Amino acid sequence: MKKKLEDAKGLWPEILPEVLWSYRTTPKTSTRETPYSLVYGTDAVIPVEFGDPSLRYFHESRPRNDGSRRQELDEVKERRDMAYIRMIAQKQQAERYYNNKAKFRPLKVGDYMLKAKTQASKDPREGKLGANWDDPYKITATTNKGSFQLETMEEKLLPNNWNITHLKYFNF
């Protein structure tokens, strides 16, 4: 869809309805359902099928179509519930994958850490071979989950709290 809009350049207002139609009638990976079917309870009939009917459209008689439509509407709540369950399962799978990669580092008050140098605090004369970590600091308090208050070796508190992503354990 994105490529089609990029190729159209200034013609996107004419192509936008087609793109929206394809978005609404394409099954999503998280729910395995189309947004159209979750809202209206049935699959969309492509507008071309009205002019040149397909076998699916041609073989449906009115009473049979009404019966199948009522059955689809009765099952729409179940389809929505199943789509919701699949969406939650996909989110849990992504969370498990992320948490599996995360490293748990238990830090406590009194541990010594190296603090990452920021781009602003680096000396431009050192170039790319300069140190990436500042002198050791001592953890004085834990403020939030993964956030710490630090002090220098001379027991001077740093003005800001530091996130664990900017810290590295220091061994003497």
# chains A, B, ... in the order shown; residues from 1 in each chain; ligands from 1
>>> residues_around(residues="Gly110 (chain A)", least_positions_apart="2", cutoff="10 Å", atoms="only C-alpha atoms", output="PyMOL selection string")
chain A and resi 107-108+112-113+137-141+150
>>> write_last_selection(atoms="N, CA and C atoms", output="tab-separated table (two decimals), in the first residue's frame")
chain	number	residue	atom	x	y	z
A	107	LEU	N	21.26	-4.61	41.30
A	107	LEU	CA	22.18	-3.61	41.84
A	107	LEU	C	21.64	-3.15	43.18
A	108	LYS	N	22.54	-2.84	44.08
A	108	LYS	CA	22.10	-2.40	45.40
A	108	LYS	C	22.93	-1.19	45.83
A	112	TYR	N	29.60	-0.11	43.07
A	112	TYR	CA	30.32	0.88	42.27
A	112	TYR	C	30.02	0.64	40.80
A	113	MET	N	29.77	1.75	40.09
A	113	MET	CA	29.37	1.68	38.69
A	113	MET	C	30.20	2.64	37.86
A	137	TYR	N	31.50	5.51	40.15
A	137	TYR	CA	30.56	6.19	41.03
A	137	TYR	C	29.94	5.16	41.95
A	138	LYS	N	29.48	5.63	43.09
A	138	LYS	CA	28.86	4.75	44.07
A	138	LYS	C	27.35	4.98	44.07
A	139	ILE	N	26.57	3.90	44.12
A	139	ILE	CA	25.11	4.01	44.19
A	139	ILE	C	24.74	4.38	45.62
A	140	THR	N	24.01	5.49	45.77
A	140	THR	CA	23.59	5.91	47.11
A	140	THR	C	22.12	5.61	47.37
A	141	ALA	N	21.30	5.55	46.32
A	141	ALA	CA	19.87	5.27	46.50
A	141	ALA	C	19.28	4.77	45.20
A	150	LEU	N	23.62	8.61	42.14
A	150	LEU	CA	25.05	8.30	42.22
A	150	LEU	C	25.80	9.41	42.95
>>> residues_around(residues="Asp134 (chain A)", least_positions_apart="3", cutoff="12 Å", atoms="only C-alpha atoms", output="number ranges by chain")
A: 112-118, 121-123, 130-131, 137, 152-153, 166-168, 170
>>> write_last_selection(atoms="N, CA, C and O atoms", output="short mmCIF file (atom, residue, chain, number, x, y, z; two decimals), in the first residue's frame")
data_model
loop_
_atom_site.label_atom_id
_atom_site.label_comp_id
_atom_site.auth_asym_id
_atom_site.auth_seq_id
_atom_site.Cartn_x
_atom_site.Cartn_y
_atom_site.Cartn_z
N TYR A 112 29.60 -0.11 43.07
CA TYR A 112 30.32 0.88 42.27
C TYR A 112 30.02 0.64 40.80
O TYR A 112 30.00 -0.50 40.33
N MET A 113 29.77 1.75 40.09
CA MET A 113 29.37 1.68 38.69
C MET A 113 30.20 2.64 37.86
O MET A 113 30.70 3.65 38.36
N LEU A 114 30.34 2.32 36.58
CA LEU A 114 30.89 3.26 35.61
C LEU A 114 29.71 3.88 34.88
O LEU A 114 28.74 3.19 34.56
N LYS A 115 29.78 5.18 34.63
CA LYS A 115 28.69 5.90 33.96
C LYS A 115 29.11 6.18 32.53
O LYS A 115 30.22 6.61 32.27
N ALA A 116 28.23 5.92 31.59
CA ALA A 116 28.53 6.16 30.17
C ALA A 116 28.71 7.66 29.94
O ALA A 116 27.97 8.47 30.47
N LYS A 117 29.72 7.99 29.14
CA LYS A 117 29.93 9.40 28.78
C LYS A 117 28.91 9.78 27.72
O LYS A 117 28.67 9.04 26.77
N THR A 118 28.34 10.95 27.89
CA THR A 118 27.42 11.46 26.88
C THR A 118 28.22 12.15 25.79
O THR A 118 29.39 12.48 25.97
N SER A 121 29.67 15.41 26.97
CA SER A 121 30.76 15.40 27.95
C SER A 121 32.07 14.85 27.38
O SER A 121 33.10 14.90 28.05
N LYS A 122 32.04 14.31 26.17
CA LYS A 122 33.27 13.78 25.57
C LYS A 122 34.15 14.93 25.08
O LYS A 122 33.65 15.94 24.59
N ASP A 123 35.45 14.75 25.22
CA ASP A 123 36.40 15.74 24.75
C ASP A 123 36.58 15.54 23.24
O ASP A 123 37.00 14.46 22.80
N GLY A 130 38.71 7.86 22.39
CA GLY A 130 38.60 8.34 23.77
C GLY A 130 37.78 7.39 24.62
O GLY A 130 37.09 6.49 24.13
N ALA A 131 37.85 7.59 25.93
CA ALA A 131 37.13 6.73 26.87
C ALA A 131 35.62 6.90 26.71
O ALA A 131 35.13 8.01 26.49
N TYR A 137 31.50 5.51 40.15
CA TYR A 137 30.56 6.19 41.03
C TYR A 137 29.94 5.16 41.95
O TYR A 137 29.84 3.97 41.61
N THR A 152 30.14 10.69 43.56
CA THR A 152 31.52 10.50 43.13
C THR A 152 32.31 9.83 44.24
O THR A 152 31.80 9.64 45.36
N MET A 153 33.55 9.53 43.97
CA MET A 153 34.42 8.92 44.99
C MET A 153 34.70 9.90 46.12
O MET A 153 35.04 9.49 47.23
N HIS A 166 22.62 3.25 31.28
CA HIS A 166 23.80 4.10 31.16
C HIS A 166 24.89 3.72 32.16
O HIS A 166 25.88 4.43 32.29
N LEU A 167 24.69 2.63 32.88
CA LEU A 167 25.63 2.21 33.91
C LEU A 167 26.22 0.85 33.59
O LEU A 167 25.59 0.01 32.94
N LYS A 168 27.45 0.65 34.09
CA LYS A 168 28.12 -0.63 33.93
C LYS A 168 28.79 -0.97 35.24
O LYS A 168 29.42 -0.11 35.87
N PHE A 170 31.28 -2.00 38.04
CA PHE A 170 32.73 -1.76 38.14
C PHE A 170 33.30 -2.67 39.22
O PHE A 170 32.84 -2.67 40.36
#
>>> select_by_dssp(residues="region 10-159 of chain A", states="strand (DSSP E or B)", output="list in words")
Tyr112, Met113, Leu114, Lys115, Ala116, Trp133, Asp134, Asp135, Pro136, Tyr137, Lys138, Ile139, Thr140, Ala141, Thr142, Thr143, Asn144, Ser147, Phe148, Gln149, Leu150, Glu151, Leu157, Leu158 and Pro159 of chain A
>>> residues_around(residues="Thr29 (chain A)", least_positions_apart="3", cutoff="9 Å", atoms="only C-alpha atoms", output="PDB file with N, CA, C and O atoms, in the first residue's frame")
ATOM      1  N   ARG A  32      -5.849 -12.550  12.466  1.00  0.00           N
ATOM      2  CA  ARG A  32      -6.173 -13.448  11.338  1.00  0.00           C
ATOM      3  C   ARG A  32      -7.568 -13.186  10.791  1.00  0.00           C
ATOM      4  O   ARG A  32      -8.211 -14.065  10.240  1.00  0.00           O
ATOM      5  N   GLU A  33      -8.065 -11.997  10.998  1.00  0.00           N
ATOM      6  CA  GLU A  33      -9.375 -11.573  10.505  1.00  0.00           C
ATOM      7  C   GLU A  33      -9.212 -10.224   9.827  1.00  0.00           C
ATOM      8  O   GLU A  33      -8.269  -9.491  10.102  1.00  0.00           O
ATOM      9  N   MET A  87      -4.858 -11.871  19.358  1.00  0.00           N
ATOM     10  CA  MET A  87      -4.098 -10.637  19.491  1.00  0.00           C
ATOM     11  C   MET A  87      -3.352 -10.606  20.836  1.00  0.00           C
ATOM     12  O   MET A  87      -2.171 -10.262  20.892  1.00  0.00           O
TER      13      MET A  87
END
>>> atom_distance(atom1="CA of Asn160 (chain A)", atom2="CA of Ser147 (chain A)")
10.0 Å
>>> atom_distance(atom1="CA of Thr25 (chain A)", atom2="CA of Gly41 (chain A)")
12.4 Å
>>> atom_distance(atom1="CA of Val109 (chain A)", atom2="CA of Phe148 (chain A)")
8.9 Å
>>> residues_around(residues="Asn144 (chain A)", least_positions_apart="2", cutoff="12 Å", atoms="only C-alpha atoms", output="PyMOL selection string")
chain A and resi 141-142+146-149+161-164
>>> residues_around(residues="Tyr40 (chain A)", least_positions_apart="4", cutoff="9 Å", atoms="only C-alpha atoms", output="list of chain:residue names")
A:Pro35, A:Tyr36, A:Ala44, A:Leu73, A:Val76
>>> write_last_selection(atoms="all heavy atoms", output="tab-separated table (two decimals), in the first residue's frame")
chain	number	residue	atom	x	y	z
A	35	PRO	N	-10.50	-6.33	9.29
A	35	PRO	CA	-11.26	-5.37	10.09
A	35	PRO	C	-12.73	-5.30	9.65
A	35	PRO	O	-13.63	-5.16	10.48
A	35	PRO	CB	-10.55	-4.05	9.85
A	35	PRO	CG	-9.16	-4.42	9.49
A	35	PRO	CD	-9.27	-5.72	8.77
A	36	TYR	N	-12.98	-5.44	8.35
A	36	TYR	CA	-14.34	-5.41	7.83
A	36	TYR	C	-15.18	-6.55	8.42
A	36	TYR	O	-16.30	-6.34	8.86
A	36	TYR	CB	-14.30	-5.51	6.30
A	36	TYR	CG	-15.63	-5.32	5.63
A	36	TYR	CD1	-16.03	-4.07	5.20
A	36	TYR	CD2	-16.50	-6.39	5.43
A	36	TYR	CE1	-17.26	-3.88	4.59
A	36	TYR	CE2	-17.73	-6.21	4.83
A	36	TYR	CZ	-18.10	-4.96	4.41
A	36	TYR	OH	-19.32	-4.77	3.81
A	44	ALA	N	-16.11	-9.17	2.99
A	44	ALA	CA	-16.53	-8.17	2.01
A	44	ALA	C	-16.66	-8.79	0.64
A	44	ALA	O	-15.89	-9.68	0.27
A	44	ALA	CB	-15.52	-7.02	1.97
A	73	LEU	N	-23.93	-13.53	11.48
A	73	LEU	CA	-24.15	-12.50	12.49
A	73	LEU	C	-24.22	-13.09	13.90
A	73	LEU	O	-23.82	-12.45	14.87
A	73	LEU	CB	-25.43	-11.70	12.17
A	73	LEU	CG	-25.32	-10.77	10.97
A	73	LEU	CD1	-26.68	-10.15	10.66
A	73	LEU	CD2	-24.29	-9.69	11.21
A	76	VAL	N	-20.57	-13.68	14.97
A	76	VAL	CA	-19.63	-12.55	14.93
A	76	VAL	C	-19.00	-12.30	16.30
A	76	VAL	O	-17.82	-11.98	16.40
A	76	VAL	CB	-20.30	-11.28	14.35
A	76	VAL	CG1	-21.26	-10.65	15.32
A	76	VAL	CG2	-19.24	-10.27	13.96
>>> closest_residue(among="A:Glu151, A:Pro159, A:Arg70, A:Asp43", to="Asp111 (chain A)", atoms="only C-alpha atoms")
A:Glu151
>>> residues_around(residues="Ala83 (chain A)", least_positions_apart="3", cutoff="12 Å", atoms="only C-alpha atoms", output="list in words")
Pro27, Lys28, Thr29, Ser30, Thr31, Arg32, Glu33, Thr34, Pro35, Ser37, Leu38, Val39, Val76, Lys77, Glu78, Arg79, Arg80, Arg86, Met87, Ile88, Ala89 and Gln90 of chain A
>>> write_last_selection(atoms="N, CA, C and O atoms", output="JSON list (two decimals), in the first residue's frame")
[["chain", "number", "residue", "atom", "x", "y", "z"],
["A", 27, "PRO", "N", -6.58, -9.65, 5.78],
["A", 27, "PRO", "CA", -6.49, -10.20, 7.14],
["A", 27, "PRO", "C", -5.22, -9.71, 7.84],
["A", 27, "PRO", "O", -4.14, -9.69, 7.26],
["A", 28, "LYS", "N", -5.36, -9.31, 9.10],
["A", 28, "LYS", "CA", -4.24, -8.85, 9.90],
["A", 28, "LYS", "C", -3.56, -10.04, 10.54],
["A", 28, "LYS", "O", -4.20, -11.05, 10.88],
["A", 29, "THR", "N", -2.25, -9.94, 10.75],
["A", 29, "THR", "CA", -1.50, -11.07, 11.30],
["A", 29, "THR", "C", -1.86, -11.33, 12.75],
["A", 29, "THR", "O", -1.86, -12.48, 13.20],
["A", 30, "SER", "N", -2.17, -10.29, 13.51],
["A", 30, "SER", "CA", -2.45, -10.49, 14.93],
["A", 30, "SER", "C", -3.79, -11.17, 15.17],
["A", 30, "SER", "O", -3.93, -11.97, 16.09],
["A", 31, "THR", "N", -4.80, -10.87, 14.36],
["A", 31, "THR", "CA", -6.14, -11.42, 14.59],
["A", 31, "THR", "C", -6.53, -12.49, 13.58],
["A", 31, "THR", "O", -7.48, -13.22, 13.80],
["A", 32, "ARG", "N", -5.85, -12.55, 12.47],
["A", 32, "ARG", "CA", -6.17, -13.45, 11.34],
["A", 32, "ARG", "C", -7.57, -13.19, 10.79],
["A", 32, "ARG", "O", -8.21, -14.07, 10.24],
["A", 33, "GLU", "N", -8.06, -12.00, 11.00],
["A", 33, "GLU", "CA", -9.38, -11.57, 10.50],
["A", 33, "GLU", "C", -9.21, -10.22, 9.83],
["A", 33, "GLU", "O", -8.27, -9.49, 10.10],
["A", 34, "THR", "N", -10.17, -9.89, 8.96],
["A", 34, "THR", "CA", -10.15, -8.57, 8.34],
["A", 34, "THR", "C", -10.90, -7.60, 9.26],
["A", 34, "THR", "O", -11.86, -8.01, 9.93],
["A", 35, "PRO", "N", -10.50, -6.33, 9.29],
["A", 35, "PRO", "CA", -11.26, -5.37, 10.09],
["A", 35, "PRO", "C", -12.73, -5.30, 9.65],
["A", 35, "PRO", "O", -13.63, -5.16, 10.48],
["A", 37, "SER", "N", -14.61, -7.76, 8.45],
["A", 37, "SER", "CA", -15.38, -8.89, 8.96],
["A", 37, "SER", "C", -15.61, -8.79, 10.46],
["A", 37, "SER", "O", -16.63, -9.27, 10.96],
["A", 38, "LEU", "N", -14.68, -8.17, 11.19],
["A", 38, "LEU", "CA", -14.89, -8.01, 12.63],
["A", 38, "LEU", "C", -15.98, -6.98, 12.92],
["A", 38, "LEU", "O", -16.68, -7.09, 13.92],
["A", 39, "VAL", "N", -16.14, -6.00, 12.06],
["A", 39, "VAL", "CA", -17.16, -4.97, 12.28],
["A", 39, "VAL", "C", -18.52, -5.45, 11.79],
["A", 39, "VAL", "O", -19.52, -5.36, 12.50],
["A", 76, "VAL", "N", -20.57, -13.68, 14.97],
["A", 76, "VAL", "CA", -19.63, -12.55, 14.93],
["A", 76, "VAL", "C", -19.00, -12.30, 16.30],
["A", 76, "VAL", "O", -17.82, -11.98, 16.40],
["A", 77, "LYS", "N", -19.75, -12.46, 17.39],
["A", 77, "LYS", "CA", -19.19, -12.25, 18.72],
["A", 77, "LYS", "C", -18.09, -13.27, 19.01],
["A", 77, "LYS", "O", -17.04, -12.92, 19.55],
["A", 78, "GLU", "N", -18.33, -14.52, 18.61],
["A", 78, "GLU", "CA", -17.31, -15.56, 18.80],
["A", 78, "GLU", "C", -16.05, -15.23, 17.98],
["A", 78, "GLU", "O", -14.93, -15.40, 18.46],
["A", 79, "ARG", "N", -16.24, -14.77, 16.74],
["A", 79, "ARG", "CA", -15.10, -14.41, 15.89],
["A", 79, "ARG", "C", -14.31, -13.26, 16.50],
["A", 79, "ARG", "O", -13.08, -13.25, 16.48],
["A", 80, "ARG", "N", -15.02, -12.28, 17.04],
["A", 80, "ARG", "CA", -14.34, -11.15, 17.69],
["A", 80, "ARG", "C", -13.57, -11.61, 18.92],
["A", 80, "ARG", "O", -12.45, -11.18, 19.16],
["A", 86, "ARG", "N", -6.32, -14.18, 19.99],
["A", 86, "ARG", "CA", -5.11, -14.30, 19.16],
["A", 86, "ARG", "C", -4.24, -13.06, 19.28],
["A", 86, "ARG", "O", -3.01, -13.15, 19.32],
["A", 87, "MET", "N", -4.86, -11.87, 19.36],
["A", 87, "MET", "CA", -4.10, -10.64, 19.49],
["A", 87, "MET", "C", -3.35, -10.61, 20.84],
["A", 87, "MET", "O", -2.17, -10.26, 20.89],
["A", 88, "ILE", "N", -4.01, -10.99, 21.92],
["A", 88, "ILE", "CA", -3.38, -11.04, 23.24],
["A", 88, "ILE", "C", -2.25, -12.06, 23.24],
["A", 88, "ILE", "O", -1.16, -11.81, 23.78],
["A", 89, "ALA", "N", -2.47, -13.22, 22.60],
["A", 89, "ALA", "CA", -1.43, -14.25, 22.54],
["A", 89, "ALA", "C", -0.20, -13.76, 21.79],
["A", 89, "ALA", "O", 0.93, -14.03, 22.20],
["A", 90, "GLN", "N", -0.41, -13.00, 20.71],
["A", 90, "GLN", "CA", 0.73, -12.46, 19.97],
["A", 90, "GLN", "C", 1.50, -11.44, 20.81],
["A", 90, "GLN", "O", 2.73, -11.42, 20.82]]
>>> closest_residue(among="A:Arg96, A:Lys91, A:Lys128, A:Lys3", to="Val19 (chain A)", atoms="only C-alpha atoms")
A:Lys3
